[in-house]
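Structure file entry12.pdb (PDB, C-alpha atoms, pLDDT in the B column) is printed below.
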```
ATOM      1  CA  ARG W 158       2.748 -48.804 -36.926  1.00 69.00           C
ATOM      2  CA  LYS W 159       2.607 -45.057 -36.516  1.00 75.00           C
ATOM      3  CA  ASP W 160       3.219 -43.746 -32.991  1.00 71.00           C
ATOM      4  CA  ARG W 161       0.112 -41.846 -31.938  1.00 75.00           C
ATOM      5  CA  ASP W 162       1.342 -40.647 -28.570  1.00 76.00           C
ATOM      6  CA  LYS W 163       1.907 -36.916 -28.384  1.00 74.00           C
ATOM      7  CA  LEU W 164       3.678 -34.877 -25.807  1.00 71.00           C
ATOM      8  CA  ARG W 165       3.056 -31.177 -25.583  1.00 74.00           C
ATOM      9  CA  VAL W 166       5.502 -29.160 -23.516  1.00 72.00           C
ATOM     10  CA  VAL W 167       4.518 -25.682 -22.375  1.00 71.00           C
ATOM     11  CA  CYS W 168       6.651 -23.362 -20.329  1.00 71.00           C
ATOM     12  CA  SER W 169       4.482 -21.416 -17.894  1.00 69.00           C
ATOM     13  CA  PRO W 170       6.695 -19.713 -15.334  1.00 76.00           C
ATOM     14  CA  ALA W 171       5.056 -18.739 -12.095  1.00 84.00           C
ATOM     15  CA  ALA W 172       3.758 -15.192 -12.001  1.00 90.00           C
ATOM     16  CA  PRO W 173       5.869 -12.869  -9.848  1.00 94.00           C
ATOM     17  CA  SER W 174       4.359 -11.807  -6.535  1.00 95.00           C
ATOM     18  CA  LEU W 175       4.710  -8.576  -4.633  1.00 97.00           C
ATOM     19  CA  ALA W 176       5.883 -10.236  -1.428  1.00 96.00           C
ATOM     20  CA  THR W 177       8.554 -12.546  -2.812  1.00 95.00           C
ATOM     21  CA  ASP W 178       9.712 -10.922  -6.043  1.00 96.00           C
ATOM     22  CA  VAL W 179       8.869  -7.211  -6.209  1.00 97.00           C
ATOM     23  CA  GLN W 180       9.035  -6.025  -2.581  1.00 97.00           C
ATOM     24  CA  PRO W 181      12.740  -6.947  -2.239  1.00 97.00           C
ATOM     25  CA  ILE W 182      13.454  -4.721  -5.258  1.00 95.00           C
ATOM     26  CA  PHE W 183      11.498  -1.837  -3.728  1.00 95.00           C
ATOM     27  CA  THR W 184      13.162  -2.341  -0.348  1.00 94.00           C
ATOM     28  CA  THR W 185      16.724  -2.183  -1.688  1.00 91.00           C
ATOM     29  CA  THR W 186      16.180   0.519  -4.315  1.00 90.00           C
ATOM     30  CA  CYS W 187      13.287   2.775  -3.327  1.00 90.00           C
ATOM     31  CA  THR W 188      12.706   2.790   0.425  1.00 90.00           C
ATOM     32  CA  PHE W 189      14.962   5.371   1.949  1.00 83.00           C
ATOM     33  CA  VAL W 190      14.029   8.716   3.497  1.00 80.00           C
ATOM     34  CA  GLY W 191      13.485  11.286   0.785  1.00 79.00           C
ATOM     35  CA  CYS W 192      12.261   8.678  -1.672  1.00 87.00           C
ATOM     36  CA  HIS W 193       9.303   6.335  -1.076  1.00 91.00           C
ATOM     37  CA  SER W 194       9.641   5.884   2.667  1.00 92.00           C
ATOM     38  CA  GLY W 195       9.271   7.807   5.870  1.00 91.00           C
ATOM     39  CA  PRO W 196       6.558  10.221   6.987  1.00 91.00           C
ATOM     40  CA  PHE W 197       6.491  12.183   3.713  1.00 91.00           C
ATOM     41  CA  PRO W 198       7.238   9.814   0.796  1.00 91.00           C
ATOM     42  CA  GLN W 199       7.639  11.277  -2.692  1.00 88.00           C
ATOM     43  CA  SER W 200       4.303  11.725  -4.474  1.00 88.00           C
ATOM     44  CA  GLY W 201       2.588  10.182  -1.437  1.00 91.00           C
ATOM     45  CA  LEU W 202       3.755   6.729  -2.577  1.00 92.00           C
ATOM     46  CA  THR W 203       5.225   4.529   0.116  1.00 94.00           C
ATOM     47  CA  LEU W 204       6.962   1.356  -1.010  1.00 95.00           C
ATOM     48  CA  GLU W 205       7.773   0.122   2.480  1.00 96.00           C
ATOM     49  CA  GLU W 206       7.033  -3.513   3.223  1.00 96.00           C
ATOM     50  CA  GLY W 207       3.490  -3.886   4.504  1.00 95.00           C
ATOM     51  CA  LYS W 208       2.389  -0.547   3.045  1.00 95.00           C
ATOM     52  CA  ALA W 209       3.305  -0.870  -0.637  1.00 96.00           C
ATOM     53  CA  ALA W 210       0.255  -2.858  -1.797  1.00 95.00           C
ATOM     54  CA  ALA W 211      -2.266  -0.309  -0.502  1.00 95.00           C
ATOM     55  CA  SER W 212      -0.233   2.627  -1.771  1.00 95.00           C
ATOM     56  CA  LEU W 213       0.213   1.102  -5.244  1.00 95.00           C
ATOM     57  CA  ALA W 214      -3.549   0.520  -5.564  1.00 93.00           C
ATOM     58  CA  GLU W 215      -4.266   4.264  -5.390  1.00 92.00           C
ATOM     59  CA  LYS W 216      -4.500   6.749  -8.228  1.00 91.00           C
ATOM     60  CA  ALA W 217      -1.214   8.497  -8.983  1.00 88.00           C
ATOM     61  CA  LEU W 218      -1.011  12.164  -8.011  1.00 83.00           C
ATOM     62  CA  ARG W 219      -1.219  14.559 -10.958  1.00 78.00           C
ATOM     63  CA  SER W 220      -2.207  11.750 -13.338  1.00 85.00           C
ATOM     64  CA  ARG W 221      -5.354  10.021 -14.514  1.00 87.00           C
ATOM     65  CA  LEU W 222      -3.589   6.670 -14.228  1.00 90.00           C
ATOM     66  CA  ARG W 223      -3.605   4.333 -11.271  1.00 93.00           C
ATOM     67  CA  ARG W 224      -0.194   3.662  -9.788  1.00 95.00           C
ATOM     68  CA  VAL W 225      -0.644   0.010 -10.734  1.00 96.00           C
ATOM     69  CA  LYS W 226      -3.428  -1.190 -12.995  1.00 96.00           C
ATOM     70  CA  PRO W 227      -3.362  -4.983 -12.555  1.00 96.00           C
ATOM     71  CA  GLY W 228      -2.883  -6.677 -15.919  1.00 95.00           C
ATOM     72  CA  SER W 229      -1.943  -3.478 -17.781  1.00 95.00           C
ATOM     73  CA  VAL W 230       1.598  -2.178 -18.023  1.00 95.00           C
ATOM     74  CA  LYS W 231       0.353   0.526 -20.401  1.00 93.00           C
ATOM     75  CA  ARG W 232      -2.130   1.905 -17.847  1.00 94.00           C
ATOM     76  CA  SER W 233       0.171   1.709 -14.821  1.00 95.00           C
ATOM     77  CA  TYR W 234       1.904   4.890 -13.726  1.00 93.00           C
ATOM     78  CA  LEU W 235       4.575   2.848 -11.950  1.00 94.00           C
ATOM     79  CA  ALA W 236       5.558   1.207 -15.244  1.00 94.00           C
ATOM     80  CA  LYS W 237       5.832   4.582 -16.958  1.00 92.00           C
ATOM     81  CA  GLY W 238       7.995   5.841 -14.100  1.00 90.00           C
ATOM     82  CA  ILE W 239      10.488   2.989 -14.111  1.00 91.00           C
ATOM     83  CA  LEU W 240      10.674   3.163 -17.926  1.00 91.00           C
ATOM     84  CA  GLY W 241      10.812   6.985 -18.023  1.00 88.00           C
ATOM     85  CA  ILE W 242       7.842   7.263 -20.398  1.00 88.00           C
ATOM     86  CA  GLY W 243       5.792  10.410 -19.849  1.00 78.00           C
ATOM     87  CA  ALA W 244       7.118  10.643 -16.318  1.00 70.00           C
ATOM     88  CA  ARG W 245      10.433  11.225 -14.596  1.00 75.00           C
ATOM     89  CA  GLN W 246      12.399   7.980 -14.656  1.00 80.00           C
ATOM     90  CA  MET W 247      12.665   6.220 -11.335  1.00 83.00           C
ATOM     91  CA  PRO W 248      14.696   5.870  -9.298  1.00 81.00           C
ATOM     92  CA  ASP W 249      14.992   9.634  -9.527  1.00 74.00           C
ATOM     93  CA  GLY W 250      17.724  10.737 -11.875  1.00 70.00           C
ATOM     94  CA  CYS W 251      18.298   7.393 -13.568  1.00 77.00           C
ATOM     95  CA  PRO W 252      19.817   6.308 -15.888  1.00 74.00           C
ATOM     96  CA  GLU W 253      22.488   8.385 -14.115  1.00 76.00           C
ATOM     97  CA  VAL W 254      23.050   7.710 -10.429  1.00 73.00           C
ATOM     98  CA  ARG W 255      22.848  10.769  -8.178  1.00 71.00           C
ATOM     99  CA  PRO W 256      22.753  10.791  -4.370  1.00 71.00           C
ATOM    100  CA  PRO W 257      20.780   9.718  -2.443  1.00 69.00           C
ATOM    101  CA  VAL W 258      20.029   7.069  -5.112  1.00 73.00           C
ATOM    102  CA  GLU W 259      22.753   4.430  -4.878  1.00 76.00           C
ATOM    103  CA  ARG W 260      21.876   2.559  -8.061  1.00 81.00           C
ATOM    104  CA  CYS W 261      19.304   2.325 -10.824  1.00 85.00           C
ATOM    105  CA  LEU W 262      17.073  -0.657 -11.451  1.00 91.00           C
ATOM    106  CA  GLY W 263      18.693  -3.448 -13.443  1.00 91.00           C
ATOM    107  CA  GLU W 264      17.044  -4.910 -16.547  1.00 91.00           C
ATOM    108  CA  GLY W 265      16.016  -8.020 -14.615  1.00 93.00           C
ATOM    109  CA  GLU W 266      14.421  -5.922 -11.877  1.00 94.00           C
ATOM    110  CA  VAL W 267      12.500  -3.840 -14.416  1.00 94.00           C
ATOM    111  CA  TYR W 268      11.340  -7.040 -16.130  1.00 94.00           C
ATOM    112  CA  THR W 269      10.203  -8.526 -12.796  1.00 95.00           C
ATOM    113  CA  ILE W 270       8.146  -5.435 -11.897  1.00 96.00           C
ATOM    114  CA  LEU W 271       6.554  -5.235 -15.356  1.00 96.00           C
ATOM    115  CA  ALA W 272       5.847  -8.997 -15.387  1.00 95.00           C
ATOM    116  CA  TRP W 273       4.226  -8.637 -11.958  1.00 96.00           C
ATOM    117  CA  ILE W 274       1.939  -5.855 -13.226  1.00 96.00           C
ATOM    118  CA  GLN W 275       1.097  -7.767 -16.424  1.00 95.00           C
ATOM    119  CA  ALA W 276       0.312 -10.947 -14.458  1.00 94.00           C
ATOM    120  CA  GLY W 277      -2.270  -9.092 -12.369  1.00 95.00           C
ATOM    121  CA  ALA W 278      -0.137  -7.529  -9.615  1.00 94.00           C
ATOM    122  CA  LEU W 279      -0.514 -10.498  -7.296  1.00 86.00           C
ATOM    123  CA  PRO W 280       0.120  -9.880  -3.583  1.00 83.00           C
TER     124      PRO W 280
END
```
Could you spell out this file's structure in structure tokens?
Amino acid sequence: RKDRDKLRVVCSPAAPSLATDVQPIFTTTCTFVGCHSGPFPQSGLTLEEGKAAASLAEKALRSRLRRVKPGSVKRSYLAKGILGIGARQMPDGCPEVRPPVERCLGEGEVYTILAWIQAGALP
């Protein structure tokens, strides 16, 4: 007899979240005075824990794009910034490291942020 049982395997990794996946990247790479922290964060964007979600939901200064357009990497100013497309690459000065920036985002970190945006920018 012919075996009629079928097994379909689908890999659906969990969507990244701001709190558990993206915020730690922002905290270690972007939240120091003179960058996206403190009383006067660059471009008015604070990436401090507890403040990042509200700040990322706003429209980017000097751009028609929102800082993060949930579900659209193409329409998110943050994505353009970390990729250096039509905006200064972030962290400032990357791919070269210049003080006060201690390091640039790694490929995995960039992927996590872009995957988070594409998945709907979940909290």
Please write as a PDB file with C-alpha atoms, in the frame of the given file the full residue list that the PyMOL selection byres ((chain W and resi 259) around 12) yields on this file.
```
ATOM      1  CA  THR W 185      16.724  -2.183  -1.688  1.00 91.00           C
ATOM      2  CA  THR W 186      16.180   0.519  -4.315  1.00 90.00           C
ATOM      3  CA  CYS W 187      13.287   2.775  -3.327  1.00 90.00           C
ATOM      4  CA  THR W 188      12.706   2.790   0.425  1.00 90.00           C
ATOM      5  CA  PHE W 189      14.962   5.371   1.949  1.00 83.00           C
ATOM      6  CA  CYS W 192      12.261   8.678  -1.672  1.00 87.00           C
ATOM      7  CA  PRO W 248      14.696   5.870  -9.298  1.00 81.00           C
ATOM      8  CA  ASP W 249      14.992   9.634  -9.527  1.00 74.00           C
ATOM      9  CA  GLY W 250      17.724  10.737 -11.875  1.00 70.00           C
ATOM     10  CA  CYS W 251      18.298   7.393 -13.568  1.00 77.00           C
ATOM     11  CA  PRO W 252      19.817   6.308 -15.888  1.00 74.00           C
ATOM     12  CA  GLU W 253      22.488   8.385 -14.115  1.00 76.00           C
ATOM     13  CA  VAL W 254      23.050   7.710 -10.429  1.00 73.00           C
ATOM     14  CA  ARG W 255      22.848  10.769  -8.178  1.00 71.00           C
ATOM     15  CA  PRO W 256      22.753  10.791  -4.370  1.00 71.00           C
ATOM     16  CA  PRO W 257      20.780   9.718  -2.443  1.00 69.00           C
ATOM     17  CA  VAL W 258      20.029   7.069  -5.112  1.00 73.00           C
ATOM     18  CA  ARG W 260      21.876   2.559  -8.061  1.00 81.00           C
ATOM     19  CA  CYS W 261      19.304   2.325 -10.824  1.00 85.00           C
ATOM     20  CA  LEU W 262      17.073  -0.657 -11.451  1.00 91.00           C
TER      21      LEU W 262
END
```
Residues within 10 Å of W:Arg232, only C-alpha atoms, excluding chain neighbours under 6 positions, as a VMD selection string
chain W and resid 221 to 226 274
Measuring atom to atom with only C-alpha atoms, identify which of W:Asp162, W:Glu215, W:Glu206, W:Asp178 is nearest to W:Leu271.
W:Asp178
Please enumerate the residues selected by the PyMOL selection byres ((chain W and resi 171-173) around 10) when evaluated against the supplied file, formatted as a list in words.
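Given this file, the PyMOL selection byres ((chain W and resi 171-173) around 10) evaluates to Cys168, Ser169, Pro170, Ser174, Leu175, Ala176, Thr177, Asp178, Val179, Thr269, Ile270, Leu271, Ala272, Trp273, Ile274, Gln275, Ala276, Gly277, Ala278, Leu279 and Pro280 of chain W.
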Test item: the PyMOL selection byres ((chain W and resi 208) around 12) resolved as a list in words:
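Given this file, the PyMOL selection byres ((chain W and resi 208) around 12) evaluates to Leu175, Ala176, Gln180, Phe183, Thr184, Thr188, His193, Ser194, Gly195, Pro198, Gly201, Leu202, Thr203, Leu204, Glu205, Glu206, Gly207, Ala209, Ala210, Ala211, Ser212, Leu213, Ala214, Glu215 and Pro280 of chain W.
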For the selection you just gave me, I'd like the residues written to a file as a compact mmCIF listing (two decimals), keeping the file's coordinate frame, keeping C-alpha atoms.
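Wrote selection34.txt, looks like this:
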```
# COMPACT_ATOMS: atom_id res chain seq x y z
CA LEU W 175 4.71 -8.58 -4.63
CA ALA W 176 5.88 -10.24 -1.43
CA GLN W 180 9.04 -6.02 -2.58
CA PHE W 183 11.50 -1.84 -3.73
CA THR W 184 13.16 -2.34 -0.35
CA THR W 188 12.71 2.79 0.42
CA HIS W 193 9.30 6.34 -1.08
CA SER W 194 9.64 5.88 2.67
CA GLY W 195 9.27 7.81 5.87
CA PRO W 198 7.24 9.81 0.80
CA GLY W 201 2.59 10.18 -1.44
CA LEU W 202 3.76 6.73 -2.58
CA THR W 203 5.22 4.53 0.12
CA LEU W 204 6.96 1.36 -1.01
CA GLU W 205 7.77 0.12 2.48
CA GLU W 206 7.03 -3.51 3.22
CA GLY W 207 3.49 -3.89 4.50
CA ALA W 209 3.30 -0.87 -0.64
CA ALA W 210 0.26 -2.86 -1.80
CA ALA W 211 -2.27 -0.31 -0.50
CA SER W 212 -0.23 2.63 -1.77
CA LEU W 213 0.21 1.10 -5.24
CA ALA W 214 -3.55 0.52 -5.56
CA GLU W 215 -4.27 4.26 -5.39
CA PRO W 280 0.12 -9.88 -3.58
```
Provide an axis-aligned box for all listed atoms of stretch 201-220 of chain W, padding each side by 3 Å; report its centre and its edge lengths in Å to one decimal, as AutoDock Vina command-line options.
```
--center_x 1.6 --center_y 5.3 --center_z -4.4 --size_x 18.3 --size_y 24.4 --size_z 23.8
```
Could you tell me which of W:Val267, W:Val167, W:Val190, W:Ala244 comes closest to W:Leu218 if we count all atoms listed in the file?
W:Ala244
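Pairwise distance (atom CA of W:Leu235, atom CA of W:Met247) equals 8.8 Å.
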Report the distance between atom CA of W:Pro181 and atom CA of W:Tyr268 in Å, rounded to one decimal place.
14.0 Å
When you draw a straight line from atom CA of W:Ser229 to atom CA of W:Ala217, how long is it in Å?
14.9 Å
Could you add N, CA, C and O atoms to stretch 162-175 of chain W and give me the result as a JSON list (two decimals), keeping the file's coordinate frame?
```
[["chain", "number", "residue", "atom", "x", "y", "z"],
["W", 162, "ASP", "N", 1.16, -41.41, -29.81],
["W", 162, "ASP", "CA", 1.34, -40.65, -28.57],
["W", 162, "ASP", "C", 1.90, -39.27, -28.90],
["W", 162, "ASP", "O", 2.75, -39.12, -29.76],
["W", 163, "LYS", "N", 1.41, -38.29, -28.20],
["W", 163, "LYS", "CA", 1.91, -36.92, -28.38],
["W", 163, "LYS", "C", 2.24, -36.33, -27.03],
["W", 163, "LYS", "O", 1.55, -36.58, -26.04],
["W", 164, "LEU", "N", 3.26, -35.56, -27.02],
["W", 164, "LEU", "CA", 3.68, -34.88, -25.81],
["W", 164, "LEU", "C", 3.76, -33.40, -26.13],
["W", 164, "LEU", "O", 4.45, -32.99, -27.05],
["W", 165, "ARG", "N", 3.04, -32.62, -25.38],
["W", 165, "ARG", "CA", 3.06, -31.18, -25.58],
["W", 165, "ARG", "C", 3.72, -30.56, -24.37],
["W", 165, "ARG", "O", 3.27, -30.75, -23.24],
["W", 166, "VAL", "N", 4.77, -29.80, -24.59],
["W", 166, "VAL", "CA", 5.50, -29.16, -23.52],
["W", 166, "VAL", "C", 5.23, -27.66, -23.58],
["W", 166, "VAL", "O", 5.40, -27.03, -24.62],
["W", 167, "VAL", "N", 4.81, -27.11, -22.46],
["W", 167, "VAL", "CA", 4.52, -25.68, -22.38],
["W", 167, "VAL", "C", 5.27, -25.13, -21.18],
["W", 167, "VAL", "O", 5.23, -25.68, -20.09],
["W", 168, "CYS", "N", 5.94, -24.03, -21.41],
["W", 168, "CYS", "CA", 6.65, -23.36, -20.33],
["W", 168, "CYS", "C", 5.75, -22.26, -19.78],
["W", 168, "CYS", "O", 5.42, -21.31, -20.47],
["W", 169, "SER", "N", 5.32, -22.42, -18.56],
["W", 169, "SER", "CA", 4.48, -21.42, -17.89],
["W", 169, "SER", "C", 5.13, -21.05, -16.56],
["W", 169, "SER", "O", 4.80, -21.62, -15.52],
["W", 170, "PRO", "N", 6.06, -20.09, -16.60],
["W", 170, "PRO", "CA", 6.70, -19.71, -15.33],
["W", 170, "PRO", "C", 5.68, -19.11, -14.37],
["W", 170, "PRO", "O", 4.67, -18.54, -14.78],
["W", 171, "ALA", "N", 5.94, -19.29, -13.12],
["W", 171, "ALA", "CA", 5.06, -18.74, -12.10],
["W", 171, "ALA", "C", 5.04, -17.22, -12.19],
["W", 171, "ALA", "O", 6.06, -16.59, -12.49],
["W", 172, "ALA", "N", 3.89, -16.65, -11.97],
["W", 172, "ALA", "CA", 3.76, -15.19, -12.00],
["W", 172, "ALA", "C", 4.49, -14.61, -10.79],
["W", 172, "ALA", "O", 4.41, -15.15, -9.69],
["W", 173, "PRO", "N", 5.19, -13.51, -10.99],
["W", 173, "PRO", "CA", 5.87, -12.87, -9.85],
["W", 173, "PRO", "C", 4.84, -12.38, -8.83],
["W", 173, "PRO", "O", 3.72, -12.03, -9.18],
["W", 174, "SER", "N", 5.24, -12.34, -7.57],
["W", 174, "SER", "CA", 4.36, -11.81, -6.54],
["W", 174, "SER", "C", 5.02, -10.60, -5.89],
["W", 174, "SER", "O", 6.24, -10.45, -5.93],
["W", 175, "LEU", "N", 4.19, -9.76, -5.31],
["W", 175, "LEU", "CA", 4.71, -8.58, -4.63],
["W", 175, "LEU", "C", 5.62, -8.98, -3.49],
["W", 175, "LEU", "O", 6.76, -8.51, -3.39]]
```
